[in-house]
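Chemist: Pasting in a structure now, in C-alpha cells, and then I'll have a few things to ask.
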Amino acid sequence: MSPRPRKASDADIMAATQRVMMRVGPRELTLAEIGAEAGVTAGALVQRFGSKRSLLLELARAFAESVPEMYAQMRAASASPLATLRTYVDCMAQLGESPAALAHHMSYLQIDLTDPDFRDHTRAQAAAARAAIQGWVEEAIELGELRPDLDPPSVARSIEVTVSGSLWTWAFYQDGSIRNWMQHDLAVLLAPLLGPKGWISEGKKRRRSLPKAGRPKRKR
C-alpha cells in the first residue's frame, strides 16, 4: 500500500507561513494558526519541522536560495534594466502594503539581525539582491541607460540603501502610496546617473506621475 499523500506540500506551508506573518507579529505567530492557514494540524507541523523556530529557519533558508532565480525572472519579464529596477521597487513596496504589515516585518527583522542562524540567511538574501542589482546596473550602462563612467558596485549599493531607507521612511510619514513614494526616491537617485538613452518611454511616463504622491506638499 502506498503512503497517504501529504495534505500540504512544504511549499504550501511556506506560503501559508508568509501569509500569516503578514498579519501577525512573532509573539502572536503560532503553529496552530500556520496550520489552519495551510490546512494541516499543528501536530503535523511539529512532526515535519520540529518546532516553530525550525519552520521559520527553513522558510528563511528556502527564500534565500530562491532569491537569485526570483530576480532572474524579474529581469526576464522586464523591458530593460531600469524597468527591472522599478519592478524591484514595486516588489519591495509590497512589504508595506499596510503600516501594520510593515510593523510586523520590522519585528521579524529584529530576530533576523540578532539570531545568528537567521542572520546567515538574511545576509545571503541581501547579497543575492545586491548581486542582481549590480548586474542590472552593468547592463544599463552597456545599453546607454546609465552613464558609462559609473562604478556599478557603488551604484548598486546606493540603490539598495535608497530603496531600504525609502521603505522605512514612508512608514514615518505615510504620505501617499508607498509604491509612488519609493519610485520617486529611486527616480531622484538615478536622475543624475542617466545615460543618453535614459528611461524607456514607459518609464518616463511613470516618473512624471511620481511627484503627485511621492514629494512633500508645498506650503502656500
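Here, A, B, ... name the chains of the C-alpha cells in the order displayed, residue numbers run from 1 inside each chain, and ligands are numbered from 1 in the same displayed order.
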Could you name the residues that touch Pro99 (chain A) at 9 Å or less, counting only C-alpha atoms, but leaving out those on the same chain fewer than 4 positions away, as an MDAnalysis selection string?

Modeler: chainID A and resid 103:104 171 174

Chemist: Taking into account only C-alpha atoms, which residue in the set A:Glu37, A:Glu65, A:Glu28, A:Glu142 is nearest to Ala129 (chain A)?

Modeler: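 Answer, going by the shortest atom-to-atom distance: A:Glu65.
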
Chemist: Just give me the gap between CA of Pro68 (chain A) and CA of Ile34 (chain A) in Å, one decimal is fine.

Modeler: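 Here the two named atoms are 26.5 Å from each other.
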
Chemist: Taking only region 28-151 of chain A into account, list the residues labelled helix (DSSP H, G or I) by DSSP (computed from the backbone), as a PyMOL selection string.

Modeler: chain A and resi 31-38+42-49+52-76+81-96+99-114+116-143

Chemist: List as an MDAnalysis selection string the protein and nucleic acid residues near region 150-154 of chain A, meaning an atom at most 10 Å away when only C-alpha atoms are counted, but skip any in the same chain fewer than 5 places from it.

Modeler: chainID A and resid 130:131 133:141 159:160 193:194

Chemist: Between CA of Leu95 (chain A) and CA of Val67 (chain A), what is the distance, to one decimal in Å?

Modeler: 15.6 Å

Chemist: Can you measure CA of Trp168 (chain A) to CA of Ser54 (chain A) for me? One decimal in Å is fine.

Modeler: 28.2 Å

Chemist: Name the closest residue to Val163 (chain A) among the candidates A:Ser98, A:Asp117, A:Val89, A:Thr122; distances are taken between atoms, counting only C-alpha atoms.

Modeler: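 Ranking A:Ser98, A:Asp117, A:Val89, A:Thr122 by distance to Val163 (chain A), first place goes to A:Val89.
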
Chemist: Would you please work out which residue, of A:Ala77, A:Met182, A:Leu31, A:Ala15, is nearest to Ser51 (chain A) when using only C-alpha atoms?

Modeler: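 Using only C-alpha atoms, Ser51 (chain A) sits closest to A:Leu31.
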
Chemist: Which neighbours of Glu69 (chain A) fall inside 10 Å, counting only C-alpha atoms, when residues of the same chain fewer than 4 positions from it are skipped, and could you give them as number ranges by chain?

Modeler: A: 65, 73-75, 128, 132

Chemist: Let me make sure I understand: among A:Met21, A:Ile13, A:Cys91, A:Ala60, which one has the smallest atom-to-atom distance to Arg179 (chain A) if we use only C-alpha atoms?

Modeler: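 Of the candidates, the smallest distance to Arg179 (chain A) is held by A:Cys91.
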